[in-house]
Every structure is written in C-alpha cells, then in structure tokens.
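Structure file entry.pdb; described as PDB, C-alpha atoms.
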```pdb
ATOM      1  CA  MET A   1       0.000   0.000   0.000  1.00  0.00           C
ATOM      2  CA  VAL A   2       1.224   3.493  -0.783  1.00  0.00           C
ATOM      3  CA  LEU A   3       0.319   6.274   1.635  1.00  0.00           C
ATOM      4  CA  CYS A   4       0.808   9.971   1.009  1.00  0.00           C
ATOM      5  CA  ALA A   5       1.042  12.975   3.289  1.00  0.00           C
ATOM      6  CA  GLU A   6      -0.878  16.051   2.205  1.00  0.00           C
ATOM      7  CA  THR A   7      -1.006  19.594   3.524  1.00  0.00           C
ATOM      8  CA  ALA A   8      -4.301  20.686   5.033  1.00  0.00           C
ATOM      9  CA  ASN A   9      -4.840  23.164   2.178  1.00  0.00           C
ATOM     10  CA  LYS A  10      -4.043  20.437  -0.411  1.00  0.00           C
ATOM     11  CA  SER A  11      -1.163  22.457  -1.896  1.00  0.00           C
ATOM     12  CA  ALA A  12       1.457  19.678  -1.552  1.00  0.00           C
ATOM     13  CA  VAL A  13       1.588  15.882  -1.516  1.00  0.00           C
ATOM     14  CA  GLU A  14       4.492  13.555  -0.753  1.00  0.00           C
ATOM     15  CA  LEU A  15       5.057   9.887  -0.001  1.00  0.00           C
ATOM     16  CA  ILE A  16       5.213   8.507   3.506  1.00  0.00           C
ATOM     17  CA  SER A  17       8.514   6.674   3.859  1.00  0.00           C
ATOM     18  CA  PRO A  18       9.463   3.786   6.124  1.00  0.00           C
ATOM     19  CA  PRO A  19      12.434   4.240   8.445  1.00  0.00           C
ATOM     20  CA  ALA A  20      15.970   3.524   7.223  1.00  0.00           C
ATOM     21  CA  GLY A  21      16.679  -0.187   7.176  1.00  0.00           C
ATOM     22  CA  ALA A  22      13.038  -1.244   6.831  1.00  0.00           C
ATOM     23  CA  GLN A  23      12.386  -4.058   4.351  1.00  0.00           C
ATOM     24  CA  ALA A  24       9.401  -4.827   2.127  1.00  0.00           C
ATOM     25  CA  GLY A  25       7.035  -6.966   4.169  1.00  0.00           C
ATOM     26  CA  ASP A  26       8.010  -5.542   7.564  1.00  0.00           C
ATOM     27  CA  ILE A  27       5.048  -5.379   9.908  1.00  0.00           C
ATOM     28  CA  ILE A  28       3.688  -1.929  10.687  1.00  0.00           C
ATOM     29  CA  THR A  29       2.289  -1.395  14.159  1.00  0.00           C
ATOM     30  CA  PHE A  30       0.925   1.578  16.040  1.00  0.00           C
ATOM     31  CA  GLU A  31       2.930   2.556  19.103  1.00  0.00           C
ATOM     32  CA  GLY A  32       1.314   1.301  22.306  1.00  0.00           C
ATOM     33  CA  GLN A  33      -1.353  -0.751  20.510  1.00  0.00           C
ATOM     34  CA  GLU A  34      -1.463  -4.547  20.594  1.00  0.00           C
ATOM     35  CA  ARG A  35      -1.256  -6.366  17.297  1.00  0.00           C
ATOM     36  CA  ASP A  36      -4.220  -8.686  17.790  1.00  0.00           C
ATOM     37  CA  PRO A  37      -6.387  -8.708  14.657  1.00  0.00           C
ATOM     38  CA  PRO A  38      -9.807 -10.343  14.898  1.00  0.00           C
ATOM     39  CA  ALA A  39     -10.044 -13.961  13.733  1.00  0.00           C
ATOM     40  CA  ALA A  40     -12.529 -12.899  11.055  1.00  0.00           C
ATOM     41  CA  LEU A  41     -13.786  -9.556   9.857  1.00  0.00           C
ATOM     42  CA  ASN A  42     -17.398  -8.723  10.546  1.00  0.00           C
ATOM     43  CA  LYS A  43     -19.044  -9.796   7.279  1.00  0.00           C
ATOM     44  CA  SER A  44     -22.142  -7.701   7.981  1.00  0.00           C
ATOM     45  CA  ASP A  45     -20.049  -4.530   8.042  1.00  0.00           C
ATOM     46  CA  LYS A  46     -20.199  -3.198   4.478  1.00  0.00           C
ATOM     47  CA  LEU A  47     -17.868  -0.276   5.128  1.00  0.00           C
ATOM     48  CA  ASN A  48     -14.294  -0.781   3.954  1.00  0.00           C
ATOM     49  CA  PRO A  49     -12.006  -0.488   7.038  1.00  0.00           C
ATOM     50  CA  TRP A  50      -9.944   2.182   5.225  1.00  0.00           C
ATOM     51  CA  PHE A  51     -12.892   4.583   5.290  1.00  0.00           C
ATOM     52  CA  ARG A  52     -13.246   4.093   9.051  1.00  0.00           C
ATOM     53  CA  VAL A  53      -9.613   4.846   9.923  1.00  0.00           C
ATOM     54  CA  GLN A  54      -8.522   7.317   7.211  1.00  0.00           C
ATOM     55  CA  PRO A  55     -10.068  10.382   8.913  1.00  0.00           C
ATOM     56  CA  GLU A  56      -7.945   9.590  12.009  1.00  0.00           C
ATOM     57  CA  LEU A  57      -4.625   9.321  10.091  1.00  0.00           C
ATOM     58  CA  LEU A  58      -2.360  12.360  10.285  1.00  0.00           C
ATOM     59  CA  ILE A  59       1.151  13.717  10.013  1.00  0.00           C
ATOM     60  CA  ASP A  60       2.305  15.380  13.222  1.00  0.00           C
ATOM     61  CA  GLY A  61       4.518  18.444  13.681  1.00  0.00           C
ATOM     62  CA  GLU A  62       7.663  16.329  13.270  1.00  0.00           C
ATOM     63  CA  GLY A  63       6.473  14.558  10.117  1.00  0.00           C
ATOM     64  CA  VAL A  64       5.602  11.264  11.867  1.00  0.00           C
ATOM     65  CA  ALA A  65       2.666   9.308  10.440  1.00  0.00           C
ATOM     66  CA  LYS A  66       0.075   8.574  13.128  1.00  0.00           C
ATOM     67  CA  TRP A  67      -3.307   7.040  13.738  1.00  0.00           C
ATOM     68  CA  ASN A  68      -4.804   9.297  16.381  1.00  0.00           C
ATOM     69  CA  GLU A  69      -1.854   9.828  18.744  1.00  0.00           C
ATOM     70  CA  PHE A  70      -0.177   6.481  17.954  1.00  0.00           C
ATOM     71  CA  ALA A  71       2.956   6.533  15.751  1.00  0.00           C
ATOM     72  CA  MET A  72       3.056   4.239  12.694  1.00  0.00           C
ATOM     73  CA  ASN A  73       6.183   2.111  13.278  1.00  0.00           C
ATOM     74  CA  THR A  74       8.222  -0.811  12.060  1.00  0.00           C
ATOM     75  CA  ASP A  75      10.854  -2.423  14.262  1.00  0.00           C
ATOM     76  CA  LYS A  76      13.340   0.052  12.692  1.00  0.00           C
ATOM     77  CA  GLY A  77      11.458   3.201  13.780  1.00  0.00           C
ATOM     78  CA  SER A  78       8.631   5.504  12.706  1.00  0.00           C
ATOM     79  CA  CYS A  79       7.230   6.052   9.226  1.00  0.00           C
ATOM     80  CA  LYS A  80       7.449   9.723   8.201  1.00  0.00           C
ATOM     81  CA  ALA A  81       6.491  12.174   5.491  1.00  0.00           C
ATOM     82  CA  ALA A  82       9.328  12.022   2.959  1.00  0.00           C
ATOM     83  CA  GLY A  83       9.796  15.792   2.653  1.00  0.00           C
ATOM     84  CA  SER A  84       8.667  18.857   4.518  1.00  0.00           C
ATOM     85  CA  ILE A  85       4.954  18.253   5.196  1.00  0.00           C
ATOM     86  CA  ARG A  86       4.112  18.781   8.859  1.00  0.00           C
ATOM     87  CA  ASN A  87       0.702  18.821  10.557  1.00  0.00           C
ATOM     88  CA  GLY A  88      -0.943  17.286   7.507  1.00  0.00           C
ATOM     89  CA  VAL A  89      -3.309  14.484   6.641  1.00  0.00           C
ATOM     90  CA  ILE A  90      -2.771  11.033   5.136  1.00  0.00           C
ATOM     91  CA  HIS A  91      -4.419   9.727   1.961  1.00  0.00           C
TER      92      HIS A  91
END
```
In structure tokens, how does this file's structure come out?
Amino acid sequence: MVLCAETANKSAVELISPPAGAQAGDIITFEGQERDPPAALNKSDKLNPWFRVQPELLIDGEGVAKWNEFAMNTDKGSCKAAGSIRNGVIH
C-alpha cells in the first residue's frame, strides 16, 4: 500500500517513507497498541475499514505518520512524510 502525506490546504503531496533499514514486508504497528487482529472480519459490516480509519490518520509536527496519537512504526522506527509536510493528513 502506498500512503501519502498532504497539507491541510491540499497544496502539496508527498510519499510517507518507512524508516531507514526497513524491508518490504516488515510489519507496521501503532505505538502502544497490541497487534491482535480479529479472527474474522465482521461480514455484515459493508464499510471498507480504510474509510473508518482514514479520517484519524495524520502527520504530526515532526512529520511522523500517526493514527490518532499512535505513531506508525516498524521495528526500525517511525514512518514519516518524505519531505517537509508537517501537521498534515494522510491519503
């Protein structure tokens, strides 16, 4: 999946990059959150999970990708906006 950081006024877009040393296939977690996916997704829920979480994805003041206040991490560190976008959104 490719994620992009975007300024609030939609004037700039850039890729979100994994930390140095990260490899394709590394697991992404959210700092402080357990990685315990449900055994099966709720089949009666017609809403794609992306549309539930996307409004809560953001780029903080240091360029770190977050879901709410939880940093998006691999075991090598945090995923960040590749350039200068700060306090933006993720699409």
Just want the 12 Å neighbourhood of Ser78 of chain A, counted on only C-alpha atoms, with same-chain residues fewer than 3 positions away dropped. Output as JSON, numbers by chain. {"A": [16, 17, 18, 19, 20, 21, 22, 27, 28, 29, 30, 31, 59, 60, 62, 63, 64, 65, 66, 70, 71, 72, 73, 74, 75, 81, 82]}
Quick one: pull the distance between atom CA of Asn87 of chain A and atom CA of Gly61 of chain A, Å, one decimal.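 Straight-line distance from atom CA of Asn87 of chain A to atom CA of Gly61 of chain A works out to 4.9 Å.
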Might you pull out every residue within 9 Å of Asn68 of chain A, with only C-alpha atoms counted and same-chain residues fewer than 4 positions away left off, and present them as a short mmCIF file (atom, residue, chain, number, x, y, z; two decimals) with C-alpha atoms, in the coordinates of the input?
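Output saved as selection38.cif:
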```
data_model
loop_
_atom_site.label_atom_id
_atom_site.label_comp_id
_atom_site.auth_asym_id
_atom_site.auth_seq_id
_atom_site.Cartn_x
_atom_site.Cartn_y
_atom_site.Cartn_z
CA GLU A 56 -7.94 9.59 12.01
CA LEU A 57 -4.62 9.32 10.09
CA LEU A 58 -2.36 12.36 10.28
#
```
Record the distance separating atom CA of Cys79 of chain A and atom CA of Met1 of chain A, expressed in Å with one decimal. 13.2 Å
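You will find atom CA of Trp50 of chain A at 19.3 Å from atom CA of Gly25 of chain A.
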Nearest-residue call for Val2 of chain A, choices A:Glu34, A:Asp26, A:Ile90, A:Trp67, using all atoms listed in the file: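 Between A:Glu34, A:Asp26, A:Ile90, A:Trp67, the residue approaching Val2 of chain A most closely is A:Ile90.
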Place a sphere of radius 6 Å on (0.4, 18.8, 7.5) in the file coordinates and name every protein, DNA or RNA residue with an atom inside or on its surface, counting all atoms listed in the file; give the answer as a list in words.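 Checked against the point, the hits come out as Thr7, Ala8, Ile59, Ile85, Arg86, Asn87, Gly88 and Val89 of chain A.
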Which residue out of A:Glu69, A:Ala12, A:Ser84, A:Gly77 has the minimum interatomic distance to Gly32 of chain A when only C-alpha atoms are used? A:Glu69
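Nearest residue to Val13 of chain A among A:Arg52, A:His91, A:Arg35, A:Lys76 is A:His91, counting only C-alpha atoms.
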